[in-house]
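> What follows is a single structure, and I will ask about it in a moment.
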Amino acid sequence: MSEDARVLVGDVGGTHARFAVVDTGATPWRIGDRIDLDTDFPDFTSSLRAYLDRAGLASLPRAAAVAVAGPVTARRVVLTNRHWAFSEDDLRGFGFADALLINDFATLAFAVGALPPESFHTIGPDLPGLDGEPISVIGAGTGFGAACLARFHGRAVPVATEGGHAGFAPSTARETAVLGVLARRFDHVSIERVLSGPGLENLYAALAEIDGRKVEELSAAEITARRESDGREAMDMFCAIYGTVAGDFALCHGARGGVFIAGGIAQKIEAVLGASAFRQRFEAKGRMSGYVKTIPTRLILSEDTAFLGAANASLEFRRV
């Protein structure tokens, strides 16, 4: 493996810290030394130090690129759903000559266009999308992320956003009632408050309160497990809202190349999502329904997407 061809990559979010080394000199690129850390570390540098100790790399790659769940400002990030703050200088402190922090969904946008067809599962009709047109990447996990790959005349630029913190807009009377409950708890009811792991918990609790039922403090996993009983409405509403939000981003980004869905939740409920009102609500855009009906919606299946995107971003930024 060539020294300059290696990139240490990371995927760091509200509940995970994953690292690997990508050999960009291989065809196709090879991912090695992958470790998913499940121990609760006090800060980012502790997690990276633990990875390097466990991986036992013969030598340190020249470059490091880490996808992070939060906005990167002045080469520094404060994670949105975790009390970690770190910078590219912290990476250089380990000895990396080239260091990059990049929003996790911008990272996915870097990767999606290069992934093979088997890396996706289509939700709804199997549509081709338009070549060379923008794409959206969205996803619910610990939070809700969104990014756009802007394409124009052969050029492509990833655009990181904080779209998950845009306001939640209900589409039914029942969703309006849920919004009323959540508005008493939060000063701003964002998309993330309903489309995320904690968001599913919020939906379940709000529906119980509306119906006068005892509000059980259940985790998202427990609610999902109750899909055939009292968790059904919360799950159905979650999927329906997901479709509406996906359609909104398709319109906002002009994403005629496709809307790609990431995040751990969608993979875990793939069958439920496919059988739900997701696609119906995606297309329910009034006068613009014809526009969104031509746009494919695809679930990202590859677990390596963030790693490949981070490595690609590292190469692209070094060329600038």
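Note on naming: chains are A, B, ... as they come in the structure tokens, residues start from 1 per chain, ligands start from 1 in the order shown.
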Taking the backbone alone, and naming residues the way the document does, which bits of range 256-296 of chain A are strand (DSSP E or B) by DSSP, as a PyMOL selection string?

chain A and resi 258-262

> With N, CA and C atoms retained, export the selected residues as a CSV table (one decimal), in the first residue's frame.


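The resulting file, selection_10.csv, is shown below:
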chain,number,residue,atom,x,y,z
A,258,GLY,N,-32.2,12.2,-7.9
A,258,GLY,CA,-32.6,11.2,-6.9
A,258,GLY,C,-32.5,11.7,-5.5
A,259,VAL,N,-33.3,11.1,-4.6
A,259,VAL,CA,-33.2,11.4,-3.2
A,259,VAL,C,-32.7,10.1,-2.5
A,260,PHE,N,-31.6,10.2,-1.8
A,260,PHE,CA,-31.0,9.0,-1.2
A,260,PHE,C,-31.1,9.1,0.3
A,261,ILE,N,-31.5,8.0,0.9
A,261,ILE,CA,-31.8,7.9,2.3
A,261,ILE,C,-30.7,7.2,3.0
A,262,ALA,N,-30.1,7.8,4.0
A,262,ALA,CA,-29.1,7.2,4.8
A,262,ALA,C,-29.6,7.1,6.3

> Mind checking which residues fall within 6 Å of range 230-245 of chain A, counting only C-alpha atoms, ignoring those fewer than 4 positions away in the same chain, and posting them as number ranges by chain?

A: 203-204, 223, 226, 273, 277-279, 281-282

> I'd like the contact shell of Leu315 in chain A - 10 Å cut-off, only C-alpha atoms, skipping same-chain residues fewer than 6 positions apart - returned as an MDAnalysis selection string.

chainID A and resid 5 7 24 63 65 98 309

> Keeping only N, CA and C atoms, write the selected residues to a file as a CSV table (one decimal), in the first residue's frame.


chain,number,residue,atom,x,y,z
A,5,ALA,N,-1.2,7.1,-0.7
A,5,ALA,CA,-2.5,6.6,-1.2
A,5,ALA,C,-3.4,6.3,-0.1
A,7,VAL,N,-5.6,6.9,3.3
A,7,VAL,CA,-6.3,8.0,4.1
A,7,VAL,C,-7.0,7.3,5.3
A,24,THR,N,-6.6,4.4,-1.5
A,24,THR,CA,-7.2,5.0,-2.7
A,24,THR,C,-6.3,4.7,-3.9
A,63,ALA,N,-2.7,11.3,5.3
A,63,ALA,CA,-3.9,12.1,5.4
A,63,ALA,C,-5.0,11.5,6.3
A,65,ALA,N,-9.3,12.1,7.2
A,65,ALA,CA,-10.6,12.8,6.9
A,65,ALA,C,-11.7,12.2,7.7
A,98,ASP,N,-2.1,16.1,6.3
A,98,ASP,CA,-3.3,16.6,5.7
A,98,ASP,C,-4.5,16.2,6.6
A,309,GLY,N,-16.7,8.2,1.1
A,309,GLY,CA,-16.9,9.6,0.8
A,309,GLY,C,-15.9,10.5,1.5

> Running DSSP on the backbone, which parts of range 6-228 of chain A land in helix (DSSP H, G or I), as an MDAnalysis selection string?

chainID A and resid 44:55 88:92 104:112 117:119 163:165 173:185 191:193 197:210 220:225

> Counting only C-alpha atoms, what is within 10 Å of Asn202 in chain A, bar same-chain residues fewer than 3 positions away, as a PyMOL selection string?

chain A and resi 178+181-182+185+193-199+205-208+217-220+234

> Write out as a list of chain:residue names the residues lying within 10 Å of Asp90 in chain A, counting only C-alpha atoms and excluding same-chain residues fewer than 6 positions away.

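Answer for this query is A:Phe44, A:Thr45, A:Arg76, A:Phe96, A:Ala99.
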
> Within 7 Å of Asp36 in chain A, counting only C-alpha atoms, which residues show up once you throw out same-chain ones fewer than 2 positions away? Write them as an NGL selection string, please.

:A and (17-19 or 34 or 38)

> I need the residue nearest Ala67 in chain A from this list: A:Asp187, A:Asp53, A:Glu192, A:Glu88. Use only C-alpha atoms for the distance.

A:Glu88

> Which residues come within 10 Å of Pro61 in chain A, counting only C-alpha atoms, excluding same-chain residues fewer than 3 positions away, as a PyMOL selection string?

chain A and resi 2-9+21-23+57-58+64+95-98

> Write the selection just made, keeping C-alpha atoms, as a PDB file, in the first residue's frame?


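Contents of result-v3.pdb, freshly written:
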ATOM      1  CA  SER A   2       1.459   3.324  -1.026  1.00  0.00           C
ATOM      2  CA  GLU A   3       2.003   5.764   1.845  1.00  0.00           C
ATOM      3  CA  ASP A   4       0.465   8.717   0.010  1.00  0.00           C
ATOM      4  CA  ALA A   5      -2.477   6.641  -1.207  1.00  0.00           C
ATOM      5  CA  ARG A   6      -3.757   5.886   2.290  1.00  0.00           C
ATOM      6  CA  VAL A   7      -6.346   7.969   4.078  1.00  0.00           C
ATOM      7  CA  LEU A   8      -7.367   7.395   7.668  1.00  0.00           C
ATOM      8  CA  VAL A   9     -11.112   7.943   7.684  1.00  0.00           C
ATOM      9  CA  VAL A  21      -7.964   3.159   6.479  1.00  0.00           C
ATOM     10  CA  VAL A  22      -8.841   3.509   2.791  1.00  0.00           C
ATOM     11  CA  ASP A  23      -6.271   2.670   0.117  1.00  0.00           C
ATOM     12  CA  LEU A  57      -0.863   0.432  11.993  1.00  0.00           C
ATOM     13  CA  ALA A  58       2.681  -0.092  10.761  1.00  0.00           C
ATOM     14  CA  ALA A  64      -6.954  11.919   7.700  1.00  0.00           C
ATOM     15  CA  GLY A  95       0.956  13.523  13.019  1.00  0.00           C
ATOM     16  CA  PHE A  96      -1.302  13.718   9.945  1.00  0.00           C
ATOM     17  CA  ALA A  97       0.073  16.145   7.360  1.00  0.00           C
ATOM     18  CA  ASP A  98      -3.338  16.598   5.725  1.00  0.00           C
TER      19      ASP A  98
END

> One decimal, Å: what's the distance from CA of Arg75 in chain A over to CA of Ser87 in chain A, could you say?

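Interatomic distance here is 5.8 Å.
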
> Mind pulling up the distance from CA of Glu209 in chain A to CA of Ala169 in chain A?

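Computing it gives 19.8 Å between the two atoms.
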
> Let me make sure I understand: among A:Val159, A:Ala150, A:Ala225, A:Val272, which one has the smallest atom-to-atom distance to Gly257 in chain A if we use only C-alpha atoms?

A:Ala150

> Mind giving me the straight-line distance from CA of Asn103 in chain A to CA of Cys148 in chain A in Å, one decimal?

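These two atoms are separated by 11.6 Å.
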
> Return the single residue from A:Arg318, A:His121, A:Arg174, A:Arg227 that is closest to Arg298 in chain A, with distances computed using only C-alpha atoms.

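Nearest to Arg298 in chain A: A:His121.
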
> Which is closest to Ala266 in chain A among A:Val68, A:Thr27, A:Ala140, A:Ser46, if we use only C-alpha atoms?

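Closest candidate: A:Ala140.
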